[in-house]
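What follows is a single structure, written as structure tokens, with notes after it.
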Amino acid sequence: MSFNFDRVIDRRNTGSLKWNRYKDGDVIPMWVADMDFQAPLPILEALHKRVEHGIFGYAVPPDELVEIVVGRMKAKYQWKVDPSWIVWLPGLVPALNVVCRAFGDDWDEVLTFTPVYPPFLSAPQFSRKQLKAVPLRREGDLFTFDAERLEKEVSPRSRVLLLCNPHNPVGRRYSREEIKRIAEICLEHNVILCSDEIHCDLLLDEEDHIPTATLSSEICANTITLMAPSKTFNIPGLNCAFAVIPDEGLRTEFINTRQGVVPDTNALGYAGCLAAYRECEEWRIALIDYLRGNRDFVYGFVNEQIPRLSMDNVEATYLAWIDCRRLGMRNPTLFFESAGVGLSDGKHFQGRGWVRLNFGCPRSVLVEALERMKRAVTKLGNFG
Ligand SMILES: Cc1ncc(COP(=O)(O)O)c(C=O)c1O
């Protein structure tokens, strides 16, 4: 079957967070992480069917959905997940916050590697915890964990480490060795590992995703894994996600903390998630192929055609993390916005001088955005 990712769909006036920001101007929105593609047909059909039923009472996850999630974990990662380990959620940002709230005393520490998706940085504070940011380090032309620095930063008050793999915004898919080292440091120091793997079905190269929890039984018992179909199948607004928490004590604490605060998922979310995992693998493979083309295009264009900008290979996600520091500007995001491209500002990720570009859009839109960025930078002149 063929899928048309080139089709440009007008999202203005559809109540879209991404497109509403620039509704009055000629700015291409490439910021928040949703894609400009229609969700796969089986999801649309499942939603239609559920809507036709016409009753939208409180919902529980369909048994088939739980079976499918368990089956997927087994097939993809040889991970035997017990159905009782799965906790359904309306999103993973709430899960990051519940984790920070559930464990430890006030002002205990939550560790994370930066730059990182902003809710990793705000969740500790919202939960009366102290954020300890450990900067990623450069190894060759990629970012990696700084295990030595983590060992220095970890203290008896460290309770949780929030890990992002694949990593938003730097686009890394970490190797077994990289994750293992971090997971072992957590075990040694009694730090619970919360592994956000929301981008795990968006790997753009040949390698497979490795869930942290599959590294050993001890690591599994110490890990809270967060996953969702939302990024991959472009249904984040349907609010369906889940945590896998093998350890009963951690799971009970998590569930007690979310009680009365974090709502349950709704019927449409469950229906969309079920269709995504049951019927959309062919669409996903085609999507990856298209995103890989976009990734290669952005990578070549930014590194070869826009003076002073550079980026790494994006191994996973549809997000490019672009180094603009050589522009010497305080606010490159504002500069590109006035040139007609709306990017995410790196400073919110603890990456001042960088921008994040969402290339989950038709190629023609991407080409136009990059041309705008190139024209704006070239106009600055003086690139001797
Ligand atoms: C690493 C990561 N976690 C969580 C989310 C958002 O999760 P949700 O929409 O389920 O709250 C995102 C969205 O971009 C993300 O990149």
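Going through the structure tokens in order, the chains are called A, B, and so on, while each chain numbers its residues from 1 and the ligands are numbered from 1 in the order shown.
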- Item | Neighbourhood of ligand 1 at 10 Å, counting only C-alpha atoms and all ligand atoms, reported as a PyMOL selection string | chain A and resi 31-34+89-96+116-120+162-169+195-200+226-231+235-242+317+319
- Message: When you count only C-alpha atoms, which of these residues is closest to Pro62 of chain A: A:Val98, A:Leu274, A:Val170, A:Leu204?
- Response: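 Checking each of A:Val98, A:Leu274, A:Val170, A:Leu204 against Pro62 of chain A, counting only C-alpha atoms, the winner is A:Leu274.
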- Could you check how far atom CA of Thr378 of chain A sits from atom CA of Arg308 of chain A, in Å to one decimal?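 Result for atom CA of Thr378 of chain A versus atom CA of Arg308 of chain A: 9.7 Å, one decimal.
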- Task: Pick out the residues sitting within 9 Å of Asp345 of chain A, and hand them over as JSON, numbers by chain; count only C-alpha atoms, and ignore anything fewer than 2 positions along from it in its own chain.
- Result: {"A": [31, 331, 332, 333, 334, 343, 347, 348, 349, 351, 352, 353, 354, 355, 356]}
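If only C-alpha atoms are the atoms counted, then among A:Ile179, A:Cys273, A:Ile185, A:Ile245 the closest residue to Ala39 of chain A is A:Cys273.
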- Item | Residues within 7 Å of segment 369-376 of chain A, only C-alpha atoms, excluding chain neighbours under 4 positions, as a PyMOL selection string | chain A and resi 28+306+336+339-341+365+380
Residue subset to file, keeping N, CA and C atoms, as an mmCIF file, in the first residue's frame:
```cif
data_model
loop_
_atom_site.group_PDB
_atom_site.id
_atom_site.type_symbol
_atom_site.label_atom_id
_atom_site.label_comp_id
_atom_site.auth_asym_id
_atom_site.auth_seq_id
_atom_site.Cartn_x
_atom_site.Cartn_y
_atom_site.Cartn_z
ATOM 1 N N ILE A 28 5.958 29.427 9.370
ATOM 2 C CA ILE A 28 5.747 27.971 9.299
ATOM 3 C C ILE A 28 6.050 27.390 10.677
ATOM 4 N N ILE A 306 23.591 26.366 5.069
ATOM 5 C CA ILE A 306 23.308 27.539 5.918
ATOM 6 C C ILE A 306 24.582 27.864 6.708
ATOM 7 N N PHE A 336 14.737 33.635 13.591
ATOM 8 C CA PHE A 336 14.143 32.769 12.566
ATOM 9 C C PHE A 336 12.621 32.962 12.490
ATOM 10 N N ALA A 339 11.944 35.576 10.276
ATOM 11 C CA ALA A 339 12.202 35.151 8.893
ATOM 12 C C ALA A 339 11.116 34.165 8.413
ATOM 13 N N GLY A 340 10.118 33.868 9.266
ATOM 14 C CA GLY A 340 8.994 33.033 8.838
ATOM 15 C C GLY A 340 9.093 31.566 9.196
ATOM 16 N N VAL A 341 9.919 31.244 10.221
ATOM 17 C CA VAL A 341 10.007 29.846 10.656
ATOM 18 C C VAL A 341 9.910 29.799 12.189
ATOM 19 N N VAL A 365 7.083 21.637 2.531
ATOM 20 C CA VAL A 365 7.018 22.608 3.634
ATOM 21 C C VAL A 365 8.405 22.743 4.269
ATOM 22 N N LEU A 380 22.685 38.210 6.543
ATOM 23 C CA LEU A 380 23.513 38.816 7.593
ATOM 24 C C LEU A 380 24.899 39.146 7.059
#
```
Spatial neighbours of Ala316 of chain A, 7 Å, only C-alpha atoms, chain gap at least 5 places, as a short mmCIF file (atom, residue, chain, number, x, y, z; two decimals) with C-alpha atoms, in the first residue's frame:
```cif
data_model
loop_
_atom_site.label_atom_id
_atom_site.label_comp_id
_atom_site.auth_asym_id
_atom_site.auth_seq_id
_atom_site.Cartn_x
_atom_site.Cartn_y
_atom_site.Cartn_z
CA PRO A 166 15.52 8.10 22.30
CA GLY A 171 18.05 12.69 18.55
CA ARG A 172 20.23 9.95 20.05
CA ARG A 173 19.17 6.34 20.27
CA LEU A 202 10.77 6.36 15.55
CA LEU A 203 14.26 4.98 14.96
CA LEU A 204 15.49 6.24 11.60
#
```
